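Worksheet: one structure, shown below.
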Amino acid sequence: MRSAPGPMAPSQDLFAPKDSIRRTAHIQSLEEYQRLYRQSIEQPEEFWAEQAKALTWFHPPHTILDADPNQVDFSWFNGGRLNASFNCVDRHAKTRPGKPAIIWAKNEPGEYEVITFRDLQHHVGRVANVLKAHGVRKGDRVCIYLPMVPELAYTMLACARLGAVHSVVFAGFSAESLRERILDSGAKVLVTANEGPRGPKRIPTKAIADEAVEGLSQLEAVLVVRRTATEVNMQPGRDFWLDAEMARHRGTCPAEWMDSEDPLFILYASGSTGKPKGVLHTTGGYLVYAATTHRYVFDAQPDDVHFCTADMGWITGHTYLLYGPLLNGTTTVLFESIPTYPDAGRLWRVVDDLKATILYTAPTALRALIREGDTWVLKSSRQSLRLLATAGEPINPEVWRWFHDVVGEGRCPVVDTWWQTETGGVLITPLPGVTPCKPGSATLPFFGVEPLLVDDEGRVIQGNGVSGNLCLARTWPGQARTLYGHHQRFVETYYSRFPRLYFTGDGCRRDEDGYYWITGRVDDVLNVSGHRLGTAEVESALVAHEAVAEAAVVGFPHDIKGTGVCAFVTVKPEWQEASTEQMVGALKEQVRHAIGPIATPDRIVIVSGLPKTRSGKILRRMLRKIASGELDNLGDTTTLADPSVLDELLARQQPVARPRS
Ligand code: 7RM
């Protein structure tokens with residue numbers, strides 16, 4: 001039995017960079033990557049001092065790294081003073097004022113608005129002056145609850161300009177989640193919109209915000225973006241239309257000189273406990289890391305049009321829709337809609353209309369599109385694309401191949417980027433056109449990153465062909481510094497499982513070639529009859545079957561094996577008439593064939609939809625409980641994007657026979 005998720009032996013599986021792929025301008029060869037990587041590990045301060053020169057500093061740093069590992073306290077670029085907004089906007093507005101900074105792709109297909117760097121500077125200055133007029137000062141927190149509108153980017157950059165700390169909350173979150181985040185961050189201003197069109201729906205952001213802030217005295221103002229003509233309740237003295245406020249203020253606003261370690265933003269991320277964590281990023285290190293990774297991982301070029309489909313409510317939106325591209329002066333696409341609106345051809349239409357060169361998306365989006373068939377892709381040109389990238393989850397080799405072969409027609413490298421909210425930027429990734437790829441592997445560490453695999457007893461596992469808990473041995477500039485207001489929780493969450501090591505929470509395999517394969521959160525690794533089995537491996541095997549659209553695999557207590565394997569599967573429309581019994585048999589055979597008998601699911605449940613969070617992550621915790629028959633405590637079901645899938649799951653599941661006292 002093979003244990004690697006790749007369906008073929010590595011030698012056959014290497015997707016060697018092709019000559020037809022344009023060489024990256026920044027790194028020319030695998031040898032150059034290896035040489036620079038060695039330098040970044042042996043002389044990190046020299047390496048990062050060099051990278052920091054890509055930013056404009058009002059005052060250069062005197063110390064590159066100052067770390068106290070005992071206190072879990074890291075400072076990068078101490079003594080340096082800079083401003084994020086100045087670096088993203090002003091310097092480009094000066095040298096290339098007419099260049100598009102942001103292209104807003106509105107919810108309705110074919111509707112675009114171009115915002116040049118000159119425009120951007122003006123709008124950001126105005127919003128900054130509005131915030132200032134409402135009492136926002138350096139260090140204050142501003143909560144942003146906006147759909148994907150340009151004012152979202154303006155407000156983030158305006159906060160940065162003043163030295164205020166932004167906390168963006170995804171506009172799909174509930175009033176309760178929003179309130180919890182406003183309270184935890186102590187925000188004094190909330191910026192929202194009357195409503196937000198998103199696909200066929202309109203999110204009533206203002207109504208949700210009203211509920212969230214009810215009775216909160218900490219809020220001095222609620223600024224409201226007028227996205228549509230819809231009337232909303234405006235509370236006199238508290239609520240202000242942003243457009244009217246902007247019209248009353250000037251477009252110029254000086255940028256505060258921030259210390260490198262001054263906070264830039266808070267972004268809430270869910271953890272294993274129910275309470276969201278306010279992940280805090282600081283200015284100098286985050287910006288250097290965002291700019292450096294964006295340049296190398298996406299091979300940033302002056303003429304790029306960077307299309308990142310992530311919502312700004314997630315870290316991918318922060319680092320690779322806003323900060324990374326703008327720091328490098330790259331045109332970035334702000335996509336208000338969803339990949340399936342009005343149909344499954346939408347992403348390719350945006351790519352063709354805007355001549356996007358880079359497409360960065362999530363495996364879950366790709367799986368949804370694969371399900372709709374290739375014709376939507378084949379109808380489009382896609383000739384502008386030169387680079388494809390994914391993040392957020394392990395990408396099944398089948399999905400990787402579809403992205404590479406069908407979307408990219410074999411012309412574009414696919415970069416599978418592994419990282420987290422807490423890491424600020426990409427940590428494990430191929431470099432396009434340089435790193436030979438294996439579908440499903442995030443491949444090799446980025447500069448300055450030292451991954452370690454650690455066993456459950458905390459021993460570092462040496463060599464290749466091994467699996468363990470993925471840890472990071474040393475800090476990197478983009479690392480989150482703390483959880484806002486809860487440093488002890490930061491230490492406990494990331495530095496207590498394996499003392500002195502940052503624990504990612506992910507399981508990982510390092511194959512014979514030293515390539516990293518993320519197997520999913522460690523609680524997603526199953527121990528079946530003493531064999532380690534990645535749920536992602538089983539899922540990839542299932543998705544490789546022509547009938548399967550998506551699969552989620554969880555463990556459940558099994559008398560003989562310890563852990564049994566339960567697969568929840570959705571099938572493609574044209575297979576929905578097939579007999580369940582035959583389908584289940586075929587899928588068991590598929591897994592047995594792809595991985596080995598040990599991985600054969602004990603149960604396969606065919607459903608019409610999987611429970612997912614609003615950011616598209618499958619709620620495996622909920623599936624685990626359903627599979628285990630723990631139906632009376634399913635945890636927080638309010639994070640479900642579509643609550644109706646839960647009812648079906650509950651109706652469909654066959655309870656495990658368990659004696660009840
Ligand atoms: C960027 C992002 C972080 C978790 C992380 C992993 C999983 C992210 C990949 C991946 C396999 C990848 N930040 N993850 N990227 N797993 N391959 N390329 O998603 O904070 O929201 O999530 O996502 O489990 O720990 S996040």
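As shown in the structure tokens, the chain order sets the letters A, B, ...; within each chain, residues go from 1, and ligands are also counted from 1 in the order they appear.
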
Expected answer as JSON, numbers by chain: residues within 7 Å of ligand 1, only C-alpha atoms and all ligand atoms: {"A": [269, 314, 315, 316, 390, 391, 392, 393, 394, 395, 416, 417, 418, 419, 420, 421, 422, 442, 504, 505, 506, 518, 519, 520, 521]}

Could the residues in this selection be written to a file with N, CA and C atoms, as a PDB file, in the first residue's frame?
ATOM      1  N   ALA A 269      -9.763  34.488  13.070  1.00  0.00           N
ATOM      2  CA  ALA A 269      -9.698  33.167  12.451  1.00  0.00           C
ATOM      3  C   ALA A 269     -10.289  32.168  13.430  1.00  0.00           C
ATOM      4  N   TRP A 314     -10.865  37.220   4.282  1.00  0.00           N
ATOM      5  CA  TRP A 314      -9.916  36.162   4.625  1.00  0.00           C
ATOM      6  C   TRP A 314      -8.494  36.665   4.387  1.00  0.00           C
ATOM      7  N   ILE A 315      -7.542  35.970   4.936  1.00  0.00           N
ATOM      8  CA  ILE A 315      -6.149  36.432   4.835  1.00  0.00           C
ATOM      9  C   ILE A 315      -5.680  36.472   3.374  1.00  0.00           C
ATOM     10  N   THR A 316      -6.186  35.570   2.544  1.00  0.00           N
ATOM     11  CA  THR A 316      -5.762  35.571   1.140  1.00  0.00           C
ATOM     12  C   THR A 316      -6.138  36.897   0.475  1.00  0.00           C
ATOM     13  N   THR A 390      -3.414  28.068  -6.257  1.00  0.00           N
ATOM     14  CA  THR A 390      -4.473  27.698  -5.323  1.00  0.00           C
ATOM     15  C   THR A 390      -3.982  27.840  -3.883  1.00  0.00           C
ATOM     16  N   ALA A 391      -4.944  27.944  -2.972  1.00  0.00           N
ATOM     17  CA  ALA A 391      -4.649  27.988  -1.534  1.00  0.00           C
ATOM     18  C   ALA A 391      -5.883  27.581  -0.753  1.00  0.00           C
ATOM     19  N   GLY A 392      -5.672  27.234   0.491  1.00  0.00           N
ATOM     20  CA  GLY A 392      -6.786  27.038   1.410  1.00  0.00           C
ATOM     21  C   GLY A 392      -7.017  25.608   1.838  1.00  0.00           C
ATOM     22  N   GLU A 393      -6.740  24.678   0.954  1.00  0.00           N
ATOM     23  CA  GLU A 393      -6.976  23.268   1.264  1.00  0.00           C
ATOM     24  C   GLU A 393      -5.994  22.462   0.425  1.00  0.00           C
ATOM     25  N   PRO A 394      -5.828  21.199   0.800  1.00  0.00           N
ATOM     26  CA  PRO A 394      -5.074  20.334  -0.097  1.00  0.00           C
ATOM     27  C   PRO A 394      -5.827  20.253  -1.418  1.00  0.00           C
ATOM     28  N   ILE A 395      -5.105  20.317  -2.523  1.00  0.00           N
ATOM     29  CA  ILE A 395      -5.772  20.180  -3.818  1.00  0.00           C
ATOM     30  C   ILE A 395      -5.635  18.725  -4.271  1.00  0.00           C
ATOM     31  N   ASP A 416       0.575  25.520  -5.870  1.00  0.00           N
ATOM     32  CA  ASP A 416      -0.261  25.146  -4.732  1.00  0.00           C
ATOM     33  C   ASP A 416       0.426  25.734  -3.507  1.00  0.00           C
ATOM     34  N   THR A 417      -0.185  26.790  -2.948  1.00  0.00           N
ATOM     35  CA  THR A 417       0.474  27.549  -1.884  1.00  0.00           C
ATOM     36  C   THR A 417      -0.102  27.181  -0.529  1.00  0.00           C
ATOM     37  N   TRP A 418       0.759  26.727   0.369  1.00  0.00           N
ATOM     38  CA  TRP A 418       0.307  26.404   1.723  1.00  0.00           C
ATOM     39  C   TRP A 418       0.657  27.533   2.669  1.00  0.00           C
ATOM     40  N   TRP A 419      -0.328  27.974   3.424  1.00  0.00           N
ATOM     41  CA  TRP A 419      -0.095  28.986   4.455  1.00  0.00           C
ATOM     42  C   TRP A 419      -1.326  29.125   5.316  1.00  0.00           C
ATOM     43  N   GLN A 420      -1.298  30.063   6.250  1.00  0.00           N
ATOM     44  CA  GLN A 420      -2.366  30.249   7.223  1.00  0.00           C
ATOM     45  C   GLN A 420      -2.557  31.739   7.518  1.00  0.00           C
ATOM     46  N   THR A 421      -3.689  32.057   8.133  1.00  0.00           N
ATOM     47  CA  THR A 421      -3.920  33.429   8.591  1.00  0.00           C
ATOM     48  C   THR A 421      -2.730  33.876   9.438  1.00  0.00           C
ATOM     49  N   GLU A 422      -2.267  32.990  10.287  1.00  0.00           N
ATOM     50  CA  GLU A 422      -1.213  33.309  11.244  1.00  0.00           C
ATOM     51  C   GLU A 422       0.156  33.480  10.582  1.00  0.00           C
ATOM     52  N   ALA A 442       2.404  20.849  -2.069  1.00  0.00           N
ATOM     53  CA  ALA A 442       2.780  22.272  -2.047  1.00  0.00           C
ATOM     54  C   ALA A 442       4.294  22.423  -2.273  1.00  0.00           C
ATOM     55  N   THR A 504       1.644  24.248  13.499  1.00  0.00           N
ATOM     56  CA  THR A 504       0.672  24.730  12.516  1.00  0.00           C
ATOM     57  C   THR A 504      -0.700  24.102  12.684  1.00  0.00           C
ATOM     58  N   GLY A 505      -0.765  22.961  13.380  1.00  0.00           N
ATOM     59  CA  GLY A 505      -2.029  22.232  13.459  1.00  0.00           C
ATOM     60  C   GLY A 505      -2.255  21.311  12.280  1.00  0.00           C
ATOM     61  N   ASP A 506      -1.326  21.327  11.327  1.00  0.00           N
ATOM     62  CA  ASP A 506      -1.462  20.476  10.148  1.00  0.00           C
ATOM     63  C   ASP A 506      -0.563  19.255  10.249  1.00  0.00           C
ATOM     64  N   ILE A 518       0.725  18.404   2.496  1.00  0.00           N
ATOM     65  CA  ILE A 518      -0.117  18.697   3.659  1.00  0.00           C
ATOM     66  C   ILE A 518      -1.251  17.673   3.655  1.00  0.00           C
ATOM     67  N   THR A 519      -1.407  16.980   4.769  1.00  0.00           N
ATOM     68  CA  THR A 519      -2.453  15.949   4.795  1.00  0.00           C
ATOM     69  C   THR A 519      -3.727  16.457   5.464  1.00  0.00           C
ATOM     70  N   GLY A 520      -3.745  17.700   5.855  1.00  0.00           N
ATOM     71  CA  GLY A 520      -4.930  18.266   6.507  1.00  0.00           C
ATOM     72  C   GLY A 520      -4.642  18.512   7.977  1.00  0.00           C
ATOM     73  N   ARG A 521      -5.593  19.107   8.651  1.00  0.00           N
ATOM     74  CA  ARG A 521      -5.443  19.332  10.084  1.00  0.00           C
ATOM     75  C   ARG A 521      -5.167  18.000  10.760  1.00  0.00           C
TER      76      ARG A 521
END

(message) Let's see if you can do this: from backbone DSSP, list all helix (DSSP H, G or I) residues in segment 507-639 of chain A, as a ChimeraX atom specification.
(response) /A:522-524,535-543,573-575,580-594,597-599,620-627,637-639

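With only C-alpha atoms as the atoms that count, the minimum distance from Thr570 of chain A to the choices A:Gly458, A:Gly408, A:Pro557, A:Pro611 is reached by A:Pro611.
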
request  = Just give me the gap between atom CA of Thr493 of chain A and atom CA of Ala362 of chain A in Å, one decimal is fine.
outcome  =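 Atom-to-atom, atom CA of Thr493 of chain A and atom CA of Ala362 of chain A are spaced 25.9 Å apart.
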
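The shell of residues at most 10 Å from Asp304 of chain A, with only C-alpha atoms counted and near chain neighbours (fewer than 4 positions) removed, consists of A:Phe298, A:Asp299, A:Ala300, A:Pro325, A:Gly329, A:Thr330, A:Thr331, A:Thr332, A:Lys355, A:Ala356, A:Thr357, A:Ile358, A:Ser384, A:Leu385, A:Arg386.
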
Exercise. Measure the distance from atom CA of Gly424 of chain A to atom CA of Tyr360 of chain A in Å and round it to one decimal.
Key: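 Atom-to-atom, atom CA of Gly424 of chain A and atom CA of Tyr360 of chain A are spaced 16.3 Å apart.
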
Mind running segment 62-118 of chain A against segment 238-256 of chain A at 9 Å and telling me each contacting residue's nearest atom pair with the distance in Å (one decimal), counting only C-alpha atoms, chain and number ascending, as a tab-separated table?
residue	atom	partner	partner_atom	distance
A:Leu82	CA	A:Glu256	CA	8.0
A:Asn83	CA	A:Ala255	CA	6.4
A:Ala84	CA	A:Ala255	CA	8.7
A:Ser85	CA	A:Ala255	CA	7.2
A:Phe86	CA	A:Ala255	CA	6.4

Please produce a file of those selected residues containing all heavy atoms, as a JSON list (two decimals), in the first residue's frame.
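Wrote out_35.json, looks like this:
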[["chain", "number", "residue", "atom", "x", "y", "z"],
["A", 82, "LEU", "N", 7.81, 53.35, 8.61],
["A", 82, "LEU", "CA", 7.23, 53.26, 7.27],
["A", 82, "LEU", "C", 5.71, 53.36, 7.38],
["A", 82, "LEU", "O", 5.15, 53.37, 8.47],
["A", 82, "LEU", "CB", 7.63, 51.94, 6.60],
["A", 82, "LEU", "CG", 6.92, 50.64, 7.04],
["A", 82, "LEU", "CD1", 7.26, 49.51, 6.08],
["A", 82, "LEU", "CD2", 7.26, 50.24, 8.46],
["A", 83, "ASN", "N", 5.05, 53.43, 6.23],
["A", 83, "ASN", "CA", 3.60, 53.44, 6.22],
["A", 83, "ASN", "C", 3.10, 52.54, 5.09],
["A", 83, "ASN", "O", 3.55, 52.64, 3.95],
["A", 83, "ASN", "CB", 3.07, 54.87, 6.05],
["A", 83, "ASN", "CG", 1.56, 54.91, 6.13],
["A", 83, "ASN", "OD1", 0.86, 54.55, 5.18],
["A", 83, "ASN", "ND2", 1.04, 55.30, 7.29],
["A", 84, "ALA", "N", 2.15, 51.67, 5.43],
["A", 84, "ALA", "CA", 1.63, 50.70, 4.46],
["A", 84, "ALA", "C", 0.93, 51.39, 3.30],
["A", 84, "ALA", "O", 1.12, 51.03, 2.13],
["A", 84, "ALA", "CB", 0.67, 49.75, 5.17],
["A", 85, "SER", "N", 0.12, 52.37, 3.62],
["A", 85, "SER", "CA", -0.64, 53.08, 2.60],
["A", 85, "SER", "C", 0.29, 53.85, 1.66],
["A", 85, "SER", "O", 0.12, 53.85, 0.44],
["A", 85, "SER", "CB", -1.63, 54.02, 3.30],
["A", 85, "SER", "OG", -2.26, 54.86, 2.40],
["A", 86, "PHE", "N", 1.30, 54.46, 2.23],
["A", 86, "PHE", "CA", 2.29, 55.17, 1.39],
["A", 86, "PHE", "C", 2.95, 54.20, 0.42],
["A", 86, "PHE", "O", 3.12, 54.48, -0.77],
["A", 86, "PHE", "CB", 3.34, 55.85, 2.28],
["A", 86, "PHE", "CG", 4.32, 56.67, 1.51],
["A", 86, "PHE", "CD1", 4.08, 58.02, 1.27],
["A", 86, "PHE", "CD2", 5.49, 56.11, 0.98],
["A", 86, "PHE", "CE1", 4.97, 58.79, 0.53],
["A", 86, "PHE", "CE2", 6.39, 56.87, 0.25],
["A", 86, "PHE", "CZ", 6.12, 58.22, 0.02]]

Long-range neighbours of Ala175 of chain A as a list in words, 9 Å cut-off, only C-alpha atoms, 6 positions minimum in chain
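Near Ala175 of chain A, the qualifying residues are Ala207, Ile208, Ala209, Asp210, Glu211, Ala212 and Val213 of chain A.
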
Output all heavy atoms for every residue in the selection just made, as an mmCIF file, in the first residue's frame.
data_model
loop_
_atom_site.group_PDB
_atom_site.id
_atom_site.type_symbol
_atom_site.label_atom_id
_atom_site.label_comp_id
_atom_site.auth_asym_id
_atom_site.auth_seq_id
_atom_site.Cartn_x
_atom_site.Cartn_y
_atom_site.Cartn_z
ATOM 1 N N ALA A 207 -28.557 46.133 7.887
ATOM 2 C CA ALA A 207 -29.509 45.568 8.850
ATOM 3 C C ALA A 207 -28.784 44.627 9.818
ATOM 4 O O ALA A 207 -29.039 44.644 11.034
ATOM 5 C CB ALA A 207 -30.617 44.835 8.110
ATOM 6 N N ILE A 208 -27.855 43.836 9.294
ATOM 7 C CA ILE A 208 -27.085 42.923 10.153
ATOM 8 C C ILE A 208 -26.222 43.733 11.116
ATOM 9 O O ILE A 208 -26.140 43.446 12.313
ATOM 10 C CB ILE A 208 -26.215 41.974 9.296
ATOM 11 C CG1 ILE A 208 -27.103 41.096 8.403
ATOM 12 C CG2 ILE A 208 -25.321 41.109 10.180
ATOM 13 C CD1 ILE A 208 -26.350 40.330 7.327
ATOM 14 N N ALA A 209 -25.594 44.790 10.568
ATOM 15 C CA ALA A 209 -24.734 45.633 11.407
ATOM 16 C C ALA A 209 -25.549 46.307 12.509
ATOM 17 O O ALA A 209 -25.097 46.405 13.654
ATOM 18 C CB ALA A 209 -24.027 46.677 10.550
ATOM 19 N N ASP A 210 -26.768 46.751 12.177
ATOM 20 C CA ASP A 210 -27.626 47.389 13.187
ATOM 21 C C ASP A 210 -27.857 46.448 14.358
ATOM 22 O O ASP A 210 -27.771 46.848 15.524
ATOM 23 C CB ASP A 210 -28.981 47.779 12.577
ATOM 24 C CG ASP A 210 -28.883 49.038 11.736
ATOM 25 O OD1 ASP A 210 -27.868 49.753 11.851
ATOM 26 O OD2 ASP A 210 -29.819 49.302 10.952
ATOM 27 N N GLU A 211 -28.133 45.193 14.017
ATOM 28 C CA GLU A 211 -28.371 44.205 15.061
ATOM 29 C C GLU A 211 -27.094 43.982 15.878
ATOM 30 O O GLU A 211 -27.129 43.882 17.106
ATOM 31 C CB GLU A 211 -28.821 42.905 14.389
ATOM 32 C CG GLU A 211 -29.499 41.918 15.300
ATOM 33 C CD GLU A 211 -29.780 40.608 14.581
ATOM 34 O OE1 GLU A 211 -30.063 40.622 13.356
ATOM 35 O OE2 GLU A 211 -29.678 39.559 15.254
ATOM 36 N N ALA A 212 -25.959 43.947 15.169
ATOM 37 C CA ALA A 212 -24.685 43.668 15.834
ATOM 38 C C ALA A 212 -24.286 44.754 16.826
ATOM 39 O O ALA A 212 -23.702 44.465 17.867
ATOM 40 C CB ALA A 212 -23.583 43.479 14.790
ATOM 41 N N VAL A 213 -24.578 46.008 16.488
ATOM 42 C CA VAL A 213 -24.060 47.110 17.318
ATOM 43 C C VAL A 213 -25.086 47.629 18.310
ATOM 44 O O VAL A 213 -24.806 48.582 19.050
ATOM 45 C CB VAL A 213 -23.543 48.292 16.457
ATOM 46 C CG1 VAL A 213 -22.505 47.800 15.460
ATOM 47 C CG2 VAL A 213 -24.675 49.002 15.734
#
